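The block underneath contains the structure these notes are about, expressed in structure tokens.
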Amino acid sequence: MAPSGLKAVVGEKILNGVIKSVKKDGEWKVLIVDHMSMRILSSCCKMSDILAEGVTIVEDINKRREPISSLEAIYLISPVEKVICLLCSFCYLSYFNISHIQNLFNNILFFELQSVHALINDFKDTAFTYKAAHIFFTDTCPDGLFAEIGRSRVAKVVKTLKEINVAFLPYESQVFSVDDPTSLYSFYSLKPTVERDKMMENLAEQIATLCDTLKEYPAIRYRKGPEENARLADEVYQRLNAHKADNPSMGEGADKARSQLLIVDRGFDPISPILHELTFQAMAYDLLDIKQDIYNYKTTGIGDVKDREVLLDEDDELWVQLRHMHIADVTKKVTELLRNFCESKRMCTDNANIKDLSLMLKKMPQYQKELSNYSTHLHLAEACMKKFKASLDKLCEVEQDLAMGTNAEGEPLKDAMKSIVPVLLNNEIEAYDKIRIILLYIFHKKKGIGEENLAKLIQHANIQADSNIITNLQNLGCNIIEGRSAGVTLPERKTRTESTYQLSRWTPIIKDVMENAIEDKLDRKQWPFISDPAPINTTQTAVSSARFGHWHKNKSPTEYRSGPRLIIFVIGGVSHSEMRSAYEVTRATDGKWEVLIGSSHILTPTSFLNDLKSLDQVPNPDC
């Protein structure tokens with residue numbers, strides 16, 4: 001499946017702006033990348049496309065490489081400062097074993113710190129590693145770094161030196177990440193880091209490169225209240241103006257003046273990241289051990305049991321169709337699609353299950369790729385349902401009642417405590433699931449609960465070791481302890497009349513914001529502009545309902561460029577349900593608007609609670 005949306009735009013920029021820009025007929029080149037640029041490249045370009053443009057090999061700048069002095073090299077690398085900041089942030093996470101973090105990330109951090117020095121070292125000896133160098137930085141290169149390159153021998157062989165302004169990861173067609181999992185700590189720890197200012201500047205530059213890549217010059221708004229929102233919005237505004245000066249065509253085009261960028265903090269909606277979501281992608285990432293988008297499982301059925309490793313990304317068209325569907329519909333949909341496929345190939349199957357698929361694979365090996373794909377998603381759905389039936393069905397009911405403030409019949413919740421006590425006393429329910437219930441109970445109470453009551457809940461649940469997760473949410477501006485109120489309450493919700501599943505009644509608050517922004521109904525006092533916006537004509541942009549049972553229809557990047565975009569950046573992580581909302585709102589406008597959402601990193605409920613646990617930890621003095 002060809003990349004679409006944001007991925008296609010970035011892929012096109014790299015292929016045309018980097019690789020094709022230095023291509024010469026009859027000449028081969030070497031492509032040299034570092035960790036960050038390799039992640040960007042792999043997210044939006046196929047290796048076959050790169051090799052087709054005269055690249056003979058792609059190599060890691062920090063690994064030992066054989067000299068190829070007859071070929072020119074294309075260097076696609078990141079400037080150094082951002083990663084130094086990242087290292088400083090990790091040093092503050094002393095809740096985690098620092099040696100474990102250093103072991104886990106040492107390769108990434110060391111590689112990035114050495115990217116420019118590795119470039120210089122390639123040309124320090126008499127015999128150069130490559131014939132010449134075409135250098136492309138992913139984002140703004142500081143003057144000091146330019147000077148260092150200028151003083152080195154590499155300056156004699158540099159043929160190209162450019163900044164391509166792609167300092168972000170296009171995670172999905174409408175989702176981006178700036179790839180900094182320490183962001184929540186950096187923003188919300190009560191122990192301020194010495195690098196916080198630098199981190200804020202780097203983050204603003206990364207967001208600005210996103211707008212530059214999309215050729216957008218949006219009006220910037222932020223949620224009023226938290227100081228960091230206004231500050232980041234102002235930093236982005238300054239950098240956007242700098243990019244606009246270098247690239248005057250930014251923001252030009254039909255309806256582009258209506259594009260907006262919203263900055264919102266994680267404390268704005270603390271509910272969505274902790275609920276058990278029952279749409280396929282969110283549920284799988286919450287309940288199953290999926291790391292770096294890779295799902296590992298053992299094949300079943302007839303024959304030897306084999307380990308399988310599957311990448312869940314947009315190259316898998318079936319995954320794109322299924323990921324935002326409710327789990328109750330997923331298995332039915334896969335079965336329906338499988339039957340249609342079998343009929344089109346004149347294959348017979350009575351029951352489309354994994355055992356039958358194993359038999360079909362033996363009989364029809366020519367369709368192994370397609371059948372294995374159906375098998376993977378059936379297995380993934382069954383694994384989710386197995387976890388759900390084991391302990392989550394009742395838990396989800398309590399969660400939805402607390403989040404909504406009403407039961408499935410729409411009646412106000414009268415005795416929330418009565419609902420949560422059986423959950424807290426159940427020894428079979430995991431500690432983090434109990435914490436999620438306690439937090440939802442506190443949010444249900446609006447202004448927090450008494451310290452003594454919280455202590456009793458913690459004792460009943462037997463979660464003393466992790467209880468700081470609950471109190472640390474105060475750092476995000478949430479009302480946890482009564483009397484220590486941050487004065488912030490969750491916003492009034494839109495009334496939604498579309499039918500949905502009883503265990504999926506909650507809608508992420510950011511979806512209300514998306515719809516209101518597009519319809520120009522967002523409160524200008526609560527969401528002030530950094531600069532005066534262009535007037536918005538709302539007659540053709542009303543948002544209709546879009547919920548379960550549909551999926552994103554892919555469009556080419558050029559189709560999206562003609563209309564306005566709503567870009568949302570969430571400080572401190574974005575959840576899968578919020579990601580889904582961007583696709584739903586885009587679809588509801590019939591493509592007149594494209595909504596993109598991004599953050600420092602993608603959250604699962606577990607990773608969010610882990611992030612919260614670190615917020616009150618003391619900085620490591622050795623860093």
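By convention here, the chains of the structure tokens are called A, B, ... in the order presented, each chain's residues are numbered starting at 1, and ligands are numbered starting at 1 in the order presented.
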
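Excluding range 521-524 of chain A itself and same-chain residues fewer than 6 positions from it, the residues having an atom within 10 Å of it are A:Arg221, A:Tyr222, A:Arg223, A:Lys224, A:Asp512, A:Val513, A:Met514, A:Glu515, A:Thr538, counting only C-alpha atoms.
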
Go ahead and save the picked residues with all heavy atoms, as a PDB file, in the first residue's frame.
ATOM      1  N   ARG A 221      -3.035  28.905  17.986  1.00  0.00           N
ATOM      2  CA  ARG A 221      -3.856  29.068  19.182  1.00  0.00           C
ATOM      3  C   ARG A 221      -3.349  28.126  20.270  1.00  0.00           C
ATOM      4  O   ARG A 221      -2.683  27.126  19.969  1.00  0.00           O
ATOM      5  CB  ARG A 221      -5.325  28.757  18.880  1.00  0.00           C
ATOM      6  CG  ARG A 221      -5.901  29.559  17.739  1.00  0.00           C
ATOM      7  CD  ARG A 221      -7.330  29.168  17.413  1.00  0.00           C
ATOM      8  NE  ARG A 221      -8.286  29.684  18.386  1.00  0.00           N
ATOM      9  CZ  ARG A 221      -9.604  29.670  18.210  1.00  0.00           C
ATOM     10  NH1 ARG A 221     -10.120  29.133  17.108  1.00  0.00           N
ATOM     11  NH2 ARG A 221     -10.419  30.172  19.118  1.00  0.00           N
ATOM     12  N   TYR A 222      -3.700  28.423  21.500  1.00  0.00           N
ATOM     13  CA  TYR A 222      -3.295  27.554  22.602  1.00  0.00           C
ATOM     14  C   TYR A 222      -4.382  27.549  23.665  1.00  0.00           C
ATOM     15  O   TYR A 222      -5.183  28.489  23.759  1.00  0.00           O
ATOM     16  CB  TYR A 222      -1.970  28.027  23.207  1.00  0.00           C
ATOM     17  CG  TYR A 222      -2.016  29.421  23.790  1.00  0.00           C
ATOM     18  CD1 TYR A 222      -2.299  29.639  25.143  1.00  0.00           C
ATOM     19  CD2 TYR A 222      -1.786  30.537  22.979  1.00  0.00           C
ATOM     20  CE1 TYR A 222      -2.357  30.918  25.668  1.00  0.00           C
ATOM     21  CE2 TYR A 222      -1.837  31.822  23.498  1.00  0.00           C
ATOM     22  CZ  TYR A 222      -2.120  32.009  24.838  1.00  0.00           C
ATOM     23  OH  TYR A 222      -2.179  33.283  25.374  1.00  0.00           O
ATOM     24  N   ARG A 223      -4.412  26.481  24.450  1.00  0.00           N
ATOM     25  CA  ARG A 223      -5.386  26.429  25.547  1.00  0.00           C
ATOM     26  C   ARG A 223      -4.909  27.339  26.671  1.00  0.00           C
ATOM     27  O   ARG A 223      -3.794  27.167  27.178  1.00  0.00           O
ATOM     28  CB  ARG A 223      -5.568  25.006  26.066  1.00  0.00           C
ATOM     29  CG  ARG A 223      -6.685  24.926  27.117  1.00  0.00           C
ATOM     30  CD  ARG A 223      -6.947  23.507  27.562  1.00  0.00           C
ATOM     31  NE  ARG A 223      -6.081  23.069  28.631  1.00  0.00           N
ATOM     32  CZ  ARG A 223      -6.389  23.116  29.938  1.00  0.00           C
ATOM     33  NH1 ARG A 223      -7.552  23.612  30.314  1.00  0.00           N
ATOM     34  NH2 ARG A 223      -5.555  22.665  30.832  1.00  0.00           N
ATOM     35  N   LYS A 224      -5.747  28.270  27.041  1.00  0.00           N
ATOM     36  CA  LYS A 224      -5.380  29.229  28.084  1.00  0.00           C
ATOM     37  C   LYS A 224      -5.319  28.538  29.437  1.00  0.00           C
ATOM     38  O   LYS A 224      -6.123  27.670  29.747  1.00  0.00           O
ATOM     39  CB  LYS A 224      -6.405  30.365  28.127  1.00  0.00           C
ATOM     40  CG  LYS A 224      -5.996  31.539  29.004  1.00  0.00           C
ATOM     41  CD  LYS A 224      -6.999  32.672  28.890  1.00  0.00           C
ATOM     42  CE  LYS A 224      -6.559  33.863  29.739  1.00  0.00           C
ATOM     43  NZ  LYS A 224      -7.529  34.975  29.641  1.00  0.00           N
ATOM     44  N   ASP A 512     -14.080  17.129  20.404  1.00  0.00           N
ATOM     45  CA  ASP A 512     -14.933  18.326  20.510  1.00  0.00           C
ATOM     46  C   ASP A 512     -14.172  19.554  20.024  1.00  0.00           C
ATOM     47  O   ASP A 512     -14.711  20.402  19.298  1.00  0.00           O
ATOM     48  CB  ASP A 512     -15.352  18.562  21.970  1.00  0.00           C
ATOM     49  CG  ASP A 512     -16.284  17.485  22.508  1.00  0.00           C
ATOM     50  OD1 ASP A 512     -16.671  16.600  21.732  1.00  0.00           O
ATOM     51  OD2 ASP A 512     -16.617  17.551  23.709  1.00  0.00           O
ATOM     52  N   VAL A 513     -12.906  19.649  20.435  1.00  0.00           N
ATOM     53  CA  VAL A 513     -12.076  20.798  20.077  1.00  0.00           C
ATOM     54  C   VAL A 513     -11.863  20.847  18.564  1.00  0.00           C
ATOM     55  O   VAL A 513     -11.970  21.916  17.942  1.00  0.00           O
ATOM     56  CB  VAL A 513     -10.721  20.734  20.815  1.00  0.00           C
ATOM     57  CG1 VAL A 513      -9.786  21.847  20.334  1.00  0.00           C
ATOM     58  CG2 VAL A 513     -10.928  20.842  22.322  1.00  0.00           C
ATOM     59  N   MET A 514     -11.568  19.703  17.974  1.00  0.00           N
ATOM     60  CA  MET A 514     -11.368  19.638  16.516  1.00  0.00           C
ATOM     61  C   MET A 514     -12.599  20.149  15.775  1.00  0.00           C
ATOM     62  O   MET A 514     -12.511  20.982  14.863  1.00  0.00           O
ATOM     63  CB  MET A 514     -11.083  18.191  16.089  1.00  0.00           C
ATOM     64  CG  MET A 514      -9.775  17.607  16.570  1.00  0.00           C
ATOM     65  SD  MET A 514      -9.706  15.827  16.186  1.00  0.00           S
ATOM     66  CE  MET A 514      -8.115  15.387  16.878  1.00  0.00           C
ATOM     67  N   GLU A 515     -13.753  19.624  16.161  1.00  0.00           N
ATOM     68  CA  GLU A 515     -14.998  20.005  15.479  1.00  0.00           C
ATOM     69  C   GLU A 515     -15.310  21.480  15.667  1.00  0.00           C
ATOM     70  O   GLU A 515     -15.701  22.177  14.721  1.00  0.00           O
ATOM     71  CB  GLU A 515     -16.146  19.124  15.993  1.00  0.00           C
ATOM     72  CG  GLU A 515     -15.992  17.662  15.607  1.00  0.00           C
ATOM     73  CD  GLU A 515     -17.010  16.755  16.283  1.00  0.00           C
ATOM     74  OE1 GLU A 515     -17.670  17.203  17.254  1.00  0.00           O
ATOM     75  OE2 GLU A 515     -17.135  15.599  15.850  1.00  0.00           O
ATOM     76  N   THR A 538     -17.865  29.207   7.610  1.00  0.00           N
ATOM     77  CA  THR A 538     -18.220  27.877   8.111  1.00  0.00           C
ATOM     78  C   THR A 538     -19.351  27.220   7.332  1.00  0.00           C
ATOM     79  O   THR A 538     -19.779  26.121   7.669  1.00  0.00           O
ATOM     80  CB  THR A 538     -18.651  27.967   9.595  1.00  0.00           C
ATOM     81  OG1 THR A 538     -19.821  28.794   9.674  1.00  0.00           O
ATOM     82  CG2 THR A 538     -17.554  28.562  10.441  1.00  0.00           C
TER      83      THR A 538
END

May I have a table of the residues of range 564-599 of chain A lying at most 7 Å from range 167-186 of chain A, giving each one's closest pair of atoms and their distance in Å to one decimal, counting only C-alpha atoms, ordered by chain and ascending residue number, as a tab-separated table?
residue	atom	partner	partner_atom	distance
A:Gly572	CA	A:Leu184	CA	4.3
A:Met579	CA	A:Val175	CA	6.7
A:Val595	CA	A:Gln174	CA	6.8
A:Leu596	CA	A:Gln174	CA	4.7
A:Ile597	CA	A:Val175	CA	5.1
A:Gly598	CA	A:Phe176	CA	4.5
A:Ser599	CA	A:Ser177	CA	5.2

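When CA of Leu338 in chain A is paired with CA of Ala282 in chain A, their separation reads 23.1 Å.
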
Residue among A:Ile40, A:Ala118, A:Ile135, A:Ala588 lying closest to Ser21 in chain A, counting only C-alpha atoms: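 With only C-alpha atoms as the atom set, the closest residue is A:Ile135.
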
Distance criterion (only C-alpha atoms): nearest to Phe146 in chain A out of A:Met36, A:Leu395, A:Ile509, A:Val116: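 For Phe146 in chain A, the nearest of the given residues is A:Val116.
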
Selection: 10 Å around Phe443 in chain A, only C-alpha atoms, excl. self and same-chain fewer than 3 positions, as a PyMOL selection string: chain A and resi 270-271+402-403+405+437-440+446-449+478-480+489-490

Two-atom distance - CA of Gly410 in chain A, CA of His326 in chain A (Å):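 Pair CA of Gly410 in chain A / CA of His326 in chain A returns 20.9 Å.
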
DSSP alpha helix (DSSP H) residues within range 117-313 of chain A, listed as a ChimeraX atom specification: /A:117-121,143-151,183-188,196-213,227-246,280-287

Polymer residues at most 12 Å from Leu322 in chain A, only C-alpha atoms, same-chain spacing of 4 or more positions, as a VMD selection string: chain A and resid 279 to 284 312 to 314 316 to 318 326 to 335 337 374 377 to 378 380 to 381 548 to 552 580

Surrounding residues of Asn462 in chain A excluding itself and chain neighbours under 2 positions, 9 Å, only C-alpha atoms, as number ranges by chain: A: 424-425, 427, 431, 457-460, 464-465

Distance query Ala127 in chain A at most 9 Å, only C-alpha atoms, self and fewer than 3 positions along chain excluded, as an NGL selection string: :A and (67 or 69 or 123-124 or 130)

DSSP-assigned strand (DSSP E or B) among range 395-580 of chain A, expressed as an MDAnalysis selection string: chainID A and resid 406 412 449 481 529 565:571 574:575

Distance in Å - CA of Gly54 in chain A versus CA of Leu214 in chain A: 26.5 Å

Hey, which bits of range 276-355 of chain A sit within 12 Å of range 602-606 of chain A, and for each residue what's the closest pair of atoms and how far apart in Å (one decimal), counting only C-alpha atoms, rows by chain and increasing number, as a tab-separated table?
residue	atom	partner	partner_atom	distance
A:His276	CA	A:Pro605	CA	8.0
A:Glu277	CA	A:Pro605	CA	9.7
A:Gln281	CA	A:Thr604	CA	10.6
A:Ala282	CA	A:Thr604	CA	7.8
A:Met283	CA	A:Thr604	CA	9.4
A:Ala284	CA	A:Thr604	CA	9.9
A:Tyr285	CA	A:Thr604	CA	6.6
A:Asp286	CA	A:Thr604	CA	5.7
A:Leu287	CA	A:Thr604	CA	9.3
A:Leu288	CA	A:Thr604	CA	10.7
A:Asp289	CA	A:Thr606	CA	11.0
A:Ile290	CA	A:Thr604	CA	10.3
A:Lys291	CA	A:Thr604	CA	11.0
A:Gln292	CA	A:Ile602	CA	10.4
A:Asp293	CA	A:Ile602	CA	10.9

Selection near Val18 in chain A, 10 Å with only C-alpha atoms, sequence-local residues under 2 positions removed, as a PyMOL selection string: chain A and resi 12-16+20-23+74-76+134-136+160+162-164

Residues of the last selection are to be written out with C-alpha atoms, as a PDB file, in the first residue's frame.
ATOM      1  CA  GLU A  12       8.107  12.996  -1.611  1.00  0.00           C
ATOM      2  CA  LYS A  13      10.234  15.690   0.057  1.00  0.00           C
ATOM      3  CA  ILE A  14      13.049  13.250   0.820  1.00  0.00           C
ATOM      4  CA  LEU A  15      13.022  11.578  -2.589  1.00  0.00           C
ATOM      5  CA  ASN A  16      12.801  14.832  -4.564  1.00  0.00           C
ATOM      6  CA  LYS A  20      16.832  13.067  -6.764  1.00  0.00           C
ATOM      7  CA  SER A  21      18.309  16.551  -6.278  1.00  0.00           C
ATOM      8  CA  VAL A  22      21.846  15.144  -6.496  1.00  0.00           C
ATOM      9  CA  LYS A  23      21.140  12.285  -8.883  1.00  0.00           C
ATOM     10  CA  ILE A  74      24.565  11.574   0.532  1.00  0.00           C
ATOM     11  CA  TYR A  75      24.497  12.315   4.269  1.00  0.00           C
ATOM     12  CA  LEU A  76      21.014  12.636   5.772  1.00  0.00           C
ATOM     13  CA  HIS A 134      26.145  15.922  -0.183  1.00  0.00           C
ATOM     14  CA  ILE A 135      25.042  16.912   3.334  1.00  0.00           C
ATOM     15  CA  PHE A 136      21.374  17.292   4.274  1.00  0.00           C
ATOM     16  CA  THR A 160      25.701  20.174  -1.160  1.00  0.00           C
ATOM     17  CA  LYS A 162      21.190  22.023   3.040  1.00  0.00           C
ATOM     18  CA  GLU A 163      18.564  21.921   5.785  1.00  0.00           C
ATOM     19  CA  ILE A 164      15.484  19.975   4.646  1.00  0.00           C
TER      20      ILE A 164
END
